[in-house]
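Worksheet: the structure to be examined is printed underneath.
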Amino acid sequence: MNNTTPIKNYKLELSAAPHIHSKWSTKKAMWLVILSLVPVLISSIIFFGLKQLSIISVSVAFCLLTELTIKKLRKKEVTLDDGSAIITGLLLAFILPPNFSLFATAIGAIFSIGIAKELFGGLGFNIFNPALAGRAFLQAAYPVSITTWTKPNYDVDTITSATPLAAYKFDKISTDLSSLFWGNVSGSLGETSALAILIGGLFLIFIGVVNYRIPLAMILSLIFFSAIFWIIDPFKYQNPIFHLLAGGFLFGTFFMATDWVTSPITSKGMWIYGILISFLIVLIRNFGGLPEGVMYAILIMNSLVPAINRFTVPKIFGEKK
Amino acid sequence: MNKKSYSYEFVKGIWEINPIFKQILGMCPTLAVTVSVINGIAMALATTFVLVFSSFLISLIRKLIPNQVRIAAYIIIIASFVTITDLVMKAKFPEMSKSLGPFIPLIVVNCIILGRAEAFASKNNILKSLLDALGNGLGFLIGLILISSIRELLGSSSILGFKVLPNSFDPLIVMILPAGAFITFGLLMGFFNSLSLRKKESEKEKLIKKYSDKLIKSSNELVEN
Amino acid sequence: MKKIIHIISTLTLIGVVIGAILSFVNNWATPLIELNKKKETEKAVYLVNPLGKKNEKVKANGEIFKVFDEADNLLGYSFVCEGNGFQGKIRIMVGVDKNLEKIISYEVLEQSETPGLGTKILDDPFKKQFNNLFAIPRIEWIKGKAPSKPNEVQTITGATISSVALVNIINSGLENMRKLKEKNLL
């Protein structure tokens with residue numbers, strides 16, 4: 001009777017059966033995500049100047065510092081080298097407006113790691129995407145400065161201009177699609193250039209760190225839902241391609257919604273999750289008080305992920321209907 | 001432990017059974033009115049007034065009230081004291097009554113009052129009930145002052161209306177929104193829970209050490225013998 | 001049976017005693033509360049019509065007050081109107097001249113706008129724009145530019161919805177006032 005394998009050789013799997021071991025360790029995948037953010041980093045520097053590096057470095061530094069402090073306080077093993085805190089710091093900086101106050105950036109970083117991640121139990125236990133939760137906190141804390149957008153390609157940081165989405169929502173001024181694609185528009189640091197995001201995002205999908213289902217579901221359903229409204233009233237509602245390229249949609253699609261921890265683990269669940277996010281985005285953008293809804297849409301769906309996982313567990317092979 | 005002193009009945013409300021952090025009662029005013037310290041104090045005083053008088057009255061007639069209708073009787077008593085408070089505040093402190101809004105009438109359903117009436121005043125004599133009510137009221141006051149001073153400091157960079165933080169500090173508007181109340185309350189509660197957990201843990205360790213020392217000593221004696 | 005009588009008699013006793021106390025307090029408090037309310041409304045009435053010395057409530061629906069100077073000459077009207085803001089209801093008191101052509105001032109009575117952003121409708125410089133603002137045929141708003149017409153105001157940067165909501169509330173309130181005037185109800 002001694003032929004049982006010792007329990008310690010099993011690893012806890014975070015997905016429904018059947019299981020195949022991924023070739024990625026968490027650590028390696030995290031560093032690949034950081035690598036994929038390099039094009040976005042370059043685009044943000046090109047359009048908003050080298051000065052923005054200060055926001056990015058403050059955000060990353062405070063994320064690391066908060067993680068270190070809390071791990072020490074809770075007397076847990078310090079795992080800064082897994083890169084997750086760096087990713088949160090980078091993502092948070094990329095969804096903040098250019099020339100945002102460094103003090104507020106630090107507060108956002110502390111909230112992201114301290115409350116949204118570590119208070120829930122650390123990496124793998126957080127319900128909400130830490131960077132988005134930090135951004136939502138800053139949105140509530142500093143509603144004025146977080147909606148003050150600097151015009152790109154200007155040396156003076158006092159020239160503000162509305163984001164393409166806000167410009168259309170409140171003044172019916174549309175932005176041409178090519179500048180939306182290259183990124184020469186006002187917006188958060190990392191969200192303006194569709195090209196840079198696509199390079200990084202497709203790289204992640206190509207090497208297999210990110211599953212293609214969520215981005216595909218989000219893009220297709222965004223086009224679908226926004227097309228419905230566009231056909232009903234092409235003047236009041238913008239066309240699907242504009243919705244796709246403007247605001248934080250692509251950045252949210254590739255780097256936020258696909259977060260391993262806060263997205264569903266079943267294939268069917270991923271489709272449902274992606275479609276519902278896009279539905280909420282179209283709803284908020286077209287009918288909400290705010291011009292942009294990617295952040296809230298993803299956060300709302302984050303909270304539904306456990307339910308989605310529960311209802312989409314694949315049937316056991318041979319199980320009757 | 002069975003004979004508790006009168007001073008204990010008063011002191012326990014401050015920490016041991018603090019209505020906010022230990023009993024987790026009266027959450028509605030705790031979260032809603034703690035935007036500024038002055039609101040917090042006014043709310044706590046109004047609640048304490050109702051708490052003391054209803055505890056006194058309920059304890060006075062506790063043997064009179066039939067068991068089946070005791071909750072109904074308590075609610076009548078509590079509601080009338082709340083109405084009195086509401087009327088007096090509207091007549092004498094209209095500004096304060098306006099800023100506390102519907103939360104004064106809502107003291108009727110504040111669980112601290114019914115909770116203390118049911119758990120304590122209906123079973124203990126008048127003096128004890130009064131001390132218990134005052135202690136709970138004081139605990140409530142301390143809790144509200146704590147939460148509201150954090151929220152006012154960070155949300156409006158002032159305390160009791162006086163500017164405390166320099167202008168360079170950009171106030172966190174979220175702290176005067178409902179979300180700020182939940183965050184502040186949650187963090188404070190976590191902090192106090194970890195404090196009492198740590199205390200319990202160290203007491204346990206002391207106890208273990210005491211007995212293990214004894215054990216080692218006696219076993220050593222055994223070996224020597 | 002004895003129990004039921006006991007229950008009923010106890011509850012009645014409590015009710016009677018409590019009721020007596022309550023009625024006593026109520027009698028004492030009611031006049032004071034009414035005085036406070038009157039003071040508050042009057043304060044708002046004169047705040048938006050600062051030259052006024054006397055006022056009279058108009059009998060038409062809603063809270064409308066005629067404002068007179070010391071010699072009983074009609075100066076204008078102060079009226080309450082409300083509508084939806086960014087997050088909730090905005091309730092304001094507006095002061096207009098007697099021909100309903102010029103806004104004298106307004107005062108926000110209730111609001112739940114975003115602190116620091118939408119709440120700028122409570123303060124100058126936005127509020128100042130409404131002092132002696134022409135409202136014929138209606139107030140118009142402009143974004144990002146200084147107003148060029150006498151009936152134009154500039155919206156608050158970042159709080160367009162709240163500022164436009166305020167303008168709309170005043171416009172619809174004025175419209176209502178003009179209708180009442182046509183019917184000689186003022």
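Chain labels A, B, ... are given in the sequence in which chains occur in the structure tokens; within each chain residues are numbered consecutively from 1, and ligands are likewise numbered from 1 in the order shown.
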Which residues of chain A sit at most 9 Å from chain C, using only C-alpha atoms? Give each one's shortest atom pair and distance in Å (one decimal place), in chain and ascending residue order, as JSON lines.
```
{"residue": "A:Tyr142", "atom": "CA", "partner": "C:Gly116", "partner_atom": "CA", "distance": 8.5}
{"residue": "A:Pro143", "atom": "CA", "partner": "C:Leu117", "partner_atom": "CA", "distance": 6.9}
{"residue": "A:Val144", "atom": "CA", "partner": "C:Leu117", "partner_atom": "CA", "distance": 6.1}
{"residue": "A:Thr147", "atom": "CA", "partner": "C:Gly158", "partner_atom": "CA", "distance": 7.0}
{"residue": "A:Thr148", "atom": "CA", "partner": "C:Gly158", "partner_atom": "CA", "distance": 7.7}
{"residue": "A:Phe170", "atom": "CA", "partner": "C:Thr160", "partner_atom": "CA", "distance": 8.0}
{"residue": "A:Asp171", "atom": "CA", "partner": "C:Lys143", "partner_atom": "CA", "distance": 8.6}
{"residue": "A:Gly289", "atom": "CA", "partner": "C:Phe86", "partner_atom": "CA", "distance": 7.0}
```
Any chance you could export the current selection's all heavy atoms as a JSON list (two decimals), in the first residue's frame?
```
[["chain", "number", "residue", "atom", "x", "y", "z"],
["A", 142, "TYR", "N", -8.92, 62.75, -6.88],
["A", 142, "TYR", "CA", -8.53, 63.98, -7.56],
["A", 142, "TYR", "C", -9.30, 64.12, -8.88],
["A", 142, "TYR", "O", -8.72, 64.01, -9.95],
["A", 142, "TYR", "CB", -7.04, 63.99, -7.84],
["A", 142, "TYR", "CG", -6.20, 63.95, -6.59],
["A", 142, "TYR", "CD1", -5.50, 62.81, -6.22],
["A", 142, "TYR", "CD2", -6.13, 65.06, -5.78],
["A", 142, "TYR", "CE1", -4.74, 62.78, -5.07],
["A", 142, "TYR", "CE2", -5.38, 65.04, -4.62],
["A", 142, "TYR", "CZ", -4.69, 63.90, -4.27],
["A", 142, "TYR", "OH", -3.96, 63.88, -3.13],
["A", 143, "PRO", "N", -10.62, 64.34, -8.80],
["A", 143, "PRO", "CA", -11.41, 64.35, -10.04],
["A", 143, "PRO", "C", -10.98, 65.46, -11.00],
["A", 143, "PRO", "O", -11.20, 65.35, -12.19],
["A", 143, "PRO", "CB", -12.84, 64.57, -9.56],
["A", 143, "PRO", "CG", -12.72, 65.12, -8.20],
["A", 143, "PRO", "CD", -11.46, 64.59, -7.62],
["A", 144, "VAL", "N", -10.35, 66.51, -10.47],
["A", 144, "VAL", "CA", -9.98, 67.61, -11.36],
["A", 144, "VAL", "C", -8.71, 67.29, -12.12],
["A", 144, "VAL", "O", -8.67, 67.29, -13.35],
["A", 144, "VAL", "CB", -9.81, 68.92, -10.56],
["A", 144, "VAL", "CG1", -9.49, 70.06, -11.51],
["A", 144, "VAL", "CG2", -11.06, 69.23, -9.78],
["A", 147, "THR", "N", -8.55, 64.55, -14.85],
["A", 147, "THR", "CA", -9.21, 64.77, -16.14],
["A", 147, "THR", "C", -8.64, 66.00, -16.84],
["A", 147, "THR", "O", -9.28, 66.60, -17.67],
["A", 147, "THR", "CB", -10.72, 64.92, -15.96],
["A", 147, "THR", "OG1", -10.96, 65.78, -14.86],
["A", 147, "THR", "CG2", -11.39, 63.60, -15.71],
["A", 148, "THR", "N", -7.42, 66.38, -16.45],
["A", 148, "THR", "CA", -6.75, 67.49, -17.12],
["A", 148, "THR", "C", -5.73, 66.89, -18.07],
["A", 148, "THR", "O", -4.73, 66.32, -17.64],
["A", 148, "THR", "CB", -6.05, 68.40, -16.10],
["A", 148, "THR", "OG1", -6.99, 68.71, -15.08],
["A", 148, "THR", "CG2", -5.55, 69.66, -16.75],
["A", 170, "PHE", "N", -18.90, 65.85, -25.79],
["A", 170, "PHE", "CA", -19.44, 67.12, -25.33],
["A", 170, "PHE", "C", -19.53, 68.16, -26.44],
["A", 170, "PHE", "O", -20.34, 69.05, -26.40],
["A", 170, "PHE", "CB", -18.61, 67.66, -24.17],
["A", 170, "PHE", "CG", -18.60, 66.74, -22.99],
["A", 170, "PHE", "CD1", -17.41, 66.25, -22.47],
["A", 170, "PHE", "CD2", -19.79, 66.33, -22.43],
["A", 170, "PHE", "CE1", -17.42, 65.38, -21.39],
["A", 170, "PHE", "CE2", -19.80, 65.46, -21.35],
["A", 170, "PHE", "CZ", -18.62, 65.00, -20.83],
["A", 171, "ASP", "N", -18.66, 68.09, -27.44],
["A", 171, "ASP", "CA", -18.64, 69.15, -28.46],
["A", 171, "ASP", "C", -18.85, 68.63, -29.87],
["A", 171, "ASP", "O", -18.83, 69.40, -30.81],
["A", 171, "ASP", "CB", -17.31, 69.90, -28.39],
["A", 171, "ASP", "CG", -17.11, 70.53, -27.04],
["A", 171, "ASP", "OD1", -18.10, 71.04, -26.51],
["A", 171, "ASP", "OD2", -15.99, 70.48, -26.52],
["A", 289, "GLY", "N", -22.27, 59.62, -17.85],
["A", 289, "GLY", "CA", -21.83, 60.99, -17.66],
["A", 289, "GLY", "C", -20.38, 61.17, -18.04],
["A", 289, "GLY", "O", -19.95, 62.25, -18.41]]
```
Using only C-alpha atoms, determine which residues lie at most 12 Å from stretch 133-135 of chain A, disregarding the query and same-chain residues fewer than 4 positions distant; provide the list as an mmCIF file with N, CA and C atoms, in the first residue's frame.
```cif
data_model
loop_
_atom_site.group_PDB
_atom_site.id
_atom_site.type_symbol
_atom_site.label_atom_id
_atom_site.label_comp_id
_atom_site.auth_asym_id
_atom_site.auth_seq_id
_atom_site.Cartn_x
_atom_site.Cartn_y
_atom_site.Cartn_z
ATOM 1 N N SER A 59 5.767 55.885 -9.896
ATOM 2 C CA SER A 59 4.749 54.846 -9.767
ATOM 3 C C SER A 59 5.372 53.484 -9.488
ATOM 4 N N CYS A 63 5.244 51.369 -5.938
ATOM 5 C CA CYS A 63 4.667 50.017 -5.939
ATOM 6 C C CYS A 63 5.629 49.035 -5.285
ATOM 7 N N THR A 88 2.409 46.406 -12.176
ATOM 8 C CA THR A 88 1.356 47.275 -11.652
ATOM 9 C C THR A 88 1.781 48.730 -11.724
ATOM 10 N N GLY A 89 3.023 49.008 -11.338
ATOM 11 C CA GLY A 89 3.520 50.381 -11.379
ATOM 12 C C GLY A 89 3.503 50.940 -12.785
ATOM 13 N N LEU A 91 1.709 49.855 -15.405
ATOM 14 C CA LEU A 91 0.344 49.980 -15.914
ATOM 15 C C LEU A 91 -0.359 51.190 -15.316
ATOM 16 N N LEU A 92 -0.159 51.397 -14.002
ATOM 17 C CA LEU A 92 -0.794 52.545 -13.356
ATOM 18 C C LEU A 92 -0.318 53.839 -13.995
ATOM 19 N N ALA A 93 1.010 53.952 -14.220
ATOM 20 C CA ALA A 93 1.538 55.182 -14.814
ATOM 21 C C ALA A 93 0.974 55.389 -16.207
ATOM 22 N N PHE A 94 0.821 54.291 -16.949
ATOM 23 C CA PHE A 94 0.364 54.433 -18.335
ATOM 24 C C PHE A 94 -1.099 54.835 -18.451
ATOM 25 N N ILE A 95 -1.876 54.659 -17.384
ATOM 26 C CA ILE A 95 -3.279 55.080 -17.487
ATOM 27 C C ILE A 95 -3.518 56.384 -16.724
ATOM 28 N N LEU A 96 -2.433 57.088 -16.371
ATOM 29 C CA LEU A 96 -2.595 58.399 -15.738
ATOM 30 C C LEU A 96 -2.366 59.478 -16.788
ATOM 31 N N PRO A 97 -2.966 60.650 -16.597
ATOM 32 C CA PRO A 97 -2.737 61.715 -17.571
ATOM 33 C C PRO A 97 -1.296 62.223 -17.500
ATOM 34 N N PHE A 100 0.827 64.439 -14.538
ATOM 35 C CA PHE A 100 0.030 64.236 -13.323
ATOM 36 C C PHE A 100 0.934 64.466 -12.114
ATOM 37 N N ALA A 104 0.297 62.560 -6.057
ATOM 38 C CA ALA A 104 -0.913 61.757 -6.274
ATOM 39 C C ALA A 104 -0.555 60.425 -6.911
ATOM 40 N N THR A 105 0.441 60.417 -7.795
ATOM 41 C CA THR A 105 0.868 59.158 -8.397
ATOM 42 C C THR A 105 1.314 58.185 -7.311
ATOM 43 N N ALA A 106 2.079 58.715 -6.349
ATOM 44 C CA ALA A 106 2.565 57.860 -5.264
ATOM 45 C C ALA A 106 1.393 57.317 -4.453
ATOM 46 N N ILE A 107 0.404 58.169 -4.185
ATOM 47 C CA ILE A 107 -0.772 57.704 -3.433
ATOM 48 C C ILE A 107 -1.491 56.594 -4.206
ATOM 49 N N GLY A 108 -1.627 56.797 -5.509
ATOM 50 C CA GLY A 108 -2.267 55.776 -6.334
ATOM 51 C C GLY A 108 -1.506 54.467 -6.285
ATOM 52 N N ALA A 109 -0.178 54.552 -6.343
ATOM 53 C CA ALA A 109 0.643 53.331 -6.313
ATOM 54 C C ALA A 109 0.489 52.621 -4.979
ATOM 55 N N ILE A 110 0.485 53.405 -3.889
ATOM 56 C CA ILE A 110 0.338 52.791 -2.565
ATOM 57 C C ILE A 110 -1.026 52.105 -2.458
ATOM 58 N N PHE A 111 -2.057 52.762 -2.981
ATOM 59 C CA PHE A 111 -3.395 52.162 -2.936
ATOM 60 C C PHE A 111 -3.438 50.871 -3.763
ATOM 61 N N SER A 112 -2.850 50.947 -4.976
ATOM 62 C CA SER A 112 -2.866 49.776 -5.863
ATOM 63 C C SER A 112 -2.293 48.552 -5.176
ATOM 64 N N ILE A 113 -1.082 48.697 -4.653
ATOM 65 C CA ILE A 113 -0.418 47.535 -4.077
ATOM 66 C C ILE A 113 -0.944 47.261 -2.676
ATOM 67 N N GLY A 114 -1.024 48.312 -1.854
ATOM 68 C CA GLY A 114 -1.360 48.115 -0.444
ATOM 69 C C GLY A 114 -2.772 47.613 -0.245
ATOM 70 N N ILE A 115 -3.726 48.259 -0.889
ATOM 71 C CA ILE A 115 -5.123 47.910 -0.617
ATOM 72 C C ILE A 115 -5.676 46.936 -1.653
ATOM 73 N N ALA A 116 -5.480 47.268 -2.950
ATOM 74 C CA ALA A 116 -6.118 46.409 -3.955
ATOM 75 C C ALA A 116 -5.436 45.057 -4.080
ATOM 76 N N LYS A 117 -4.138 44.985 -3.761
ATOM 77 C CA LYS A 117 -3.461 43.693 -3.949
ATOM 78 C C LYS A 117 -3.135 43.001 -2.636
ATOM 79 N N ASN A 126 -5.969 38.835 -5.508
ATOM 80 C CA ASN A 126 -6.685 40.090 -5.646
ATOM 81 C C ASN A 126 -7.883 39.919 -6.578
ATOM 82 N N ILE A 127 -9.016 40.531 -6.189
ATOM 83 C CA ILE A 127 -10.224 40.446 -7.007
ATOM 84 C C ILE A 127 -10.130 41.434 -8.148
ATOM 85 N N PHE A 128 -9.614 42.644 -7.831
ATOM 86 C CA PHE A 128 -9.588 43.698 -8.832
ATOM 87 C C PHE A 128 -8.173 43.901 -9.343
ATOM 88 N N ASN A 129 -8.097 44.267 -10.608
ATOM 89 C CA ASN A 129 -6.814 44.608 -11.189
ATOM 90 C C ASN A 129 -6.204 45.760 -10.375
ATOM 91 N N GLN A 139 -9.217 58.650 -9.384
ATOM 92 C CA GLN A 139 -10.324 59.333 -10.056
ATOM 93 C C GLN A 139 -11.273 59.929 -9.017
ATOM 94 N N ALA A 140 -11.509 59.183 -7.945
ATOM 95 C CA ALA A 140 -12.402 59.684 -6.908
ATOM 96 C C ALA A 140 -11.699 60.724 -6.043
ATOM 97 N N ALA A 141 -10.385 60.562 -5.861
ATOM 98 C CA ALA A 141 -9.666 61.454 -4.956
ATOM 99 C C ALA A 141 -9.340 62.784 -5.617
ATOM 100 N N TYR A 142 -8.925 62.752 -6.876
ATOM 101 C CA TYR A 142 -8.533 63.980 -7.561
ATOM 102 C C TYR A 142 -9.297 64.120 -8.875
ATOM 103 N N PRO A 143 -10.623 64.337 -8.795
ATOM 104 C CA PRO A 143 -11.412 64.351 -10.043
ATOM 105 C C PRO A 143 -10.980 65.460 -10.998
ATOM 106 N N ILE A 146 -7.130 64.567 -12.591
ATOM 107 C CA ILE A 146 -7.042 63.340 -13.379
ATOM 108 C C ILE A 146 -7.799 63.474 -14.695
ATOM 109 N N THR A 147 -8.550 64.555 -14.846
ATOM 110 C CA THR A 147 -9.206 64.767 -16.138
ATOM 111 C C THR A 147 -8.640 66.000 -16.840
ATOM 112 N N SER A 188 -4.317 59.431 -21.699
ATOM 113 C CA SER A 188 -3.380 58.929 -20.702
ATOM 114 C C SER A 188 -2.058 58.598 -21.377
ATOM 115 N N MET A 256 -5.033 45.082 -19.467
ATOM 116 C CA MET A 256 -5.790 45.118 -18.214
ATOM 117 C C MET A 256 -6.762 43.941 -18.109
ATOM 118 N N THR A 262 -7.223 38.298 -12.541
ATOM 119 C CA THR A 262 -8.562 38.855 -12.433
ATOM 120 C C THR A 262 -9.440 38.573 -13.649
ATOM 121 N N VAL A 294 -13.759 52.404 -19.942
ATOM 122 C CA VAL A 294 -13.002 51.148 -19.940
ATOM 123 C C VAL A 294 -12.643 50.729 -18.518
ATOM 124 N N MET A 295 -12.181 51.701 -17.722
ATOM 125 C CA MET A 295 -11.746 51.374 -16.367
ATOM 126 C C MET A 295 -12.888 50.764 -15.551
ATOM 127 N N TYR A 296 -14.028 51.451 -15.521
ATOM 128 C CA TYR A 296 -15.132 50.944 -14.706
ATOM 129 C C TYR A 296 -15.675 49.630 -15.264
ATOM 130 N N ALA A 297 -15.718 49.514 -16.604
ATOM 131 C CA ALA A 297 -16.234 48.286 -17.196
ATOM 132 C C ALA A 297 -15.385 47.093 -16.761
ATOM 133 N N ILE A 298 -14.062 47.247 -16.838
ATOM 134 C CA ILE A 298 -13.201 46.118 -16.466
ATOM 135 C C ILE A 298 -13.315 45.837 -14.970
ATOM 136 N N LEU A 299 -13.370 46.887 -14.146
ATOM 137 C CA LEU A 299 -13.472 46.667 -12.700
ATOM 138 C C LEU A 299 -14.780 45.962 -12.337
ATOM 139 N N ILE A 300 -15.864 46.380 -12.977
ATOM 140 C CA ILE A 300 -17.154 45.726 -12.693
ATOM 141 C C ILE A 300 -17.080 44.252 -13.072
ATOM 142 N N ASN A 302 -14.389 42.429 -13.339
ATOM 143 C CA ASN A 302 -13.476 41.758 -12.412
ATOM 144 C C ASN A 302 -14.249 41.162 -11.245
ATOM 145 N N SER A 303 -15.211 41.938 -10.762
ATOM 146 C CA SER A 303 -15.934 41.468 -9.587
ATOM 147 C C SER A 303 -16.857 40.303 -9.930
#
```
Exercise. For chain B, list the residues within 7 Å of chain C, counting only C-alpha atoms, and write the list as an MDAnalysis selection string.
Key: chainID B and resid 65:66 73 80 84 87:88 90:91 94 173
Can you spit out the residues from that selection as a PDB file, in the first residue's frame, using N, CA, C and O atoms?
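After the write, selection11.pdb holds the following:
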```pdb
ATOM      1  N   ILE B  65     -42.624  45.250  31.674  1.00  0.00           N
ATOM      2  CA  ILE B  65     -42.897  44.962  30.263  1.00  0.00           C
ATOM      3  C   ILE B  65     -43.037  43.463  30.053  1.00  0.00           C
ATOM      4  O   ILE B  65     -42.135  42.706  30.385  1.00  0.00           O
ATOM      5  N   PRO B  66     -44.171  43.029  29.489  1.00  0.00           N
ATOM      6  CA  PRO B  66     -44.331  41.601  29.200  1.00  0.00           C
ATOM      7  C   PRO B  66     -43.349  41.176  28.107  1.00  0.00           C
ATOM      8  O   PRO B  66     -43.073  41.940  27.173  1.00  0.00           O
ATOM      9  N   ALA B  73     -42.305  47.687  22.863  1.00  0.00           N
ATOM     10  CA  ALA B  73     -42.239  48.704  23.913  1.00  0.00           C
ATOM     11  C   ALA B  73     -40.930  49.492  23.811  1.00  0.00           C
ATOM     12  O   ALA B  73     -40.914  50.723  23.919  1.00  0.00           O
ATOM     13  N   SER B  80     -39.651  57.765  20.636  1.00  0.00           N
ATOM     14  CA  SER B  80     -40.103  59.052  21.153  1.00  0.00           C
ATOM     15  C   SER B  80     -38.921  59.903  21.606  1.00  0.00           C
ATOM     16  O   SER B  80     -38.924  61.123  21.415  1.00  0.00           O
ATOM     17  N   ILE B  84     -37.975  63.577  20.172  1.00  0.00           N
ATOM     18  CA  ILE B  84     -37.657  64.732  21.023  1.00  0.00           C
ATOM     19  C   ILE B  84     -36.332  65.357  20.578  1.00  0.00           C
ATOM     20  O   ILE B  84     -36.214  66.566  20.370  1.00  0.00           O
ATOM     21  N   LEU B  87     -36.736  67.201  17.288  1.00  0.00           N
ATOM     22  CA  LEU B  87     -37.450  68.476  17.431  1.00  0.00           C
ATOM     23  C   LEU B  87     -36.563  69.524  18.090  1.00  0.00           C
ATOM     24  O   LEU B  87     -36.492  70.672  17.642  1.00  0.00           O
ATOM     25  N   VAL B  88     -35.871  69.117  19.153  1.00  0.00           N
ATOM     26  CA  VAL B  88     -35.020  70.080  19.861  1.00  0.00           C
ATOM     27  C   VAL B  88     -33.917  70.591  18.932  1.00  0.00           C
ATOM     28  O   VAL B  88     -33.636  71.789  18.867  1.00  0.00           O
ATOM     29  N   LYS B  90     -33.947  70.707  15.660  1.00  0.00           N
ATOM     30  CA  LYS B  90     -34.509  71.572  14.617  1.00  0.00           C
ATOM     31  C   LYS B  90     -34.828  72.955  15.160  1.00  0.00           C
ATOM     32  O   LYS B  90     -34.678  73.962  14.469  1.00  0.00           O
ATOM     33  N   ALA B  91     -35.270  72.983  16.421  1.00  0.00           N
ATOM     34  CA  ALA B  91     -35.665  74.264  16.996  1.00  0.00           C
ATOM     35  C   ALA B  91     -34.453  75.086  17.421  1.00  0.00           C
ATOM     36  O   ALA B  91     -34.422  76.294  17.227  1.00  0.00           O
ATOM     37  N   PRO B  94     -30.668  74.633  14.075  1.00  0.00           N
ATOM     38  CA  PRO B  94     -31.155  74.300  12.726  1.00  0.00           C
ATOM     39  C   PRO B  94     -30.020  73.933  11.755  1.00  0.00           C
ATOM     40  O   PRO B  94     -30.179  73.046  10.932  1.00  0.00           O
ATOM     41  N   ILE B 173     -10.312  64.053  -2.334  1.00  0.00           N
ATOM     42  CA  ILE B 173     -11.757  64.259  -2.280  1.00  0.00           C
ATOM     43  C   ILE B 173     -12.497  62.958  -1.975  1.00  0.00           C
ATOM     44  O   ILE B 173     -13.549  62.963  -1.361  1.00  0.00           O
TER      45      ILE B 173
END
```
Practice problem: Rank A:Asn239, A:Ser145, A:Ser221, A:Asn309 by their smallest atom-to-atom distance to chain B, using only C-alpha atoms, and report the top residue only. | Solution: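 Going through A:Asn239, A:Ser145, A:Ser221, A:Asn309 one by one, the smallest distance to chain B is for A:Ser145.
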Quiz item: Which value, in Å to one decimal, gives the distance between atom CA of A:Ile55 and atom CA of A:Thr150?
Solution: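 These two atoms are separated by 14.1 Å.
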Practice problem: Rank nothing, just name the residue among B:Val109, B:Ser212, B:Leu160, B:Ser196 nearest to B:Pro29, using only C-alpha atoms. | Solution: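 Under the stated criterion, the closest residue is B:Val109.
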Please produce, as CSV, a per-residue contact table for chain B versus chain A (criterion: any atom at most 9 Å away, only C-alpha atoms considered), showing the nearest atom pair and its distance in Å to one decimal, sorted by chain then residue number.
```
residue,atom,partner,partner_atom,distance
B:Gly155,CA,A:Ala141,CA,8.4
B:Phe169,CA,A:Phe103,CA,8.9
B:Asp170,CA,A:Tyr142,CA,8.2
B:Pro171,CA,A:Ala141,CA,7.7
B:Leu172,CA,A:Ala141,CA,4.5
B:Ile173,CA,A:Ala141,CA,4.4
B:Val174,CA,A:Ala141,CA,4.2
B:Met175,CA,A:Ala141,CA,7.2
B:Leu177,CA,A:Ala140,CA,8.2
B:Ala179,CA,A:Ala140,CA,8.5
B:Gly180,CA,A:Ala141,CA,9.0
```
Practice problem: Excluding A:Ile275 and any residue of its chain fewer than 4 positions from it, enumerate the residues within 12 Å of it, using only C-alpha atoms, and give them as a list in words. | Solution: Arg213, Ile214, Pro215, Leu216, Ala217, Met218, Ile219, Leu220, Ser221, Leu222, Ile223, Phe224, Phe225, Thr253, Ala257, Lys268, Gly269, Met270, Trp271, Phe279, Leu280, Ile281, Val282, Ala297, Ile298 and Met301 of chain A
Based on the backbone DSSP call, show me all residues of stretch 64-169 of chain B assigned strand (DSSP E), as a PDB file with N, CA, C and O atoms, in the first residue's frame.
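Resulting contents of result_29.pdb:
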```
ATOM      1  N   SER B 158      -8.473  69.783   7.072  1.00  0.00           N
ATOM      2  CA  SER B 158      -8.730  70.568   8.275  1.00  0.00           C
ATOM      3  C   SER B 158      -9.259  69.653   9.371  1.00  0.00           C
ATOM      4  O   SER B 158      -9.630  68.515   9.113  1.00  0.00           O
ATOM      5  N   ILE B 159      -9.228  70.162  10.601  1.00  0.00           N
ATOM      6  CA  ILE B 159      -9.837  69.428  11.722  1.00  0.00           C
ATOM      7  C   ILE B 159     -10.738  70.409  12.448  1.00  0.00           C
ATOM      8  O   ILE B 159     -10.307  71.509  12.788  1.00  0.00           O
ATOM      9  N   PHE B 162     -10.729  73.945  11.274  1.00  0.00           N
ATOM     10  CA  PHE B 162      -9.483  74.707  11.217  1.00  0.00           C
ATOM     11  C   PHE B 162      -8.517  74.051  10.248  1.00  0.00           C
ATOM     12  O   PHE B 162      -8.294  72.837  10.311  1.00  0.00           O
ATOM     13  N   LYS B 163      -7.935  74.843   9.383  1.00  0.00           N
ATOM     14  CA  LYS B 163      -7.015  74.286   8.397  1.00  0.00           C
ATOM     15  C   LYS B 163      -5.754  73.803   9.105  1.00  0.00           C
ATOM     16  O   LYS B 163      -5.126  74.538   9.862  1.00  0.00           O
TER      17      LYS B 163
END
```
Exercise. Considering only C-alpha atoms, return as a PyMOL selection string whatever protein or nucleic-acid residues lie within 9 Å of B:Ser129, sequence-local ones (same chain, fewer than 2 positions apart) excluded.
Key: chain B and resi 9+52+55-56+58-59+116-117+120-127+131-134
Quiz item: Which residues come within 7 Å of stretch 47-60 of chain C, counting only C-alpha atoms, excluding same-chain residues fewer than 4 positions away, as a PyMOL selection string?
Solution: chain C and resi 43+64-70+75+78+94-95+104-107+185-186
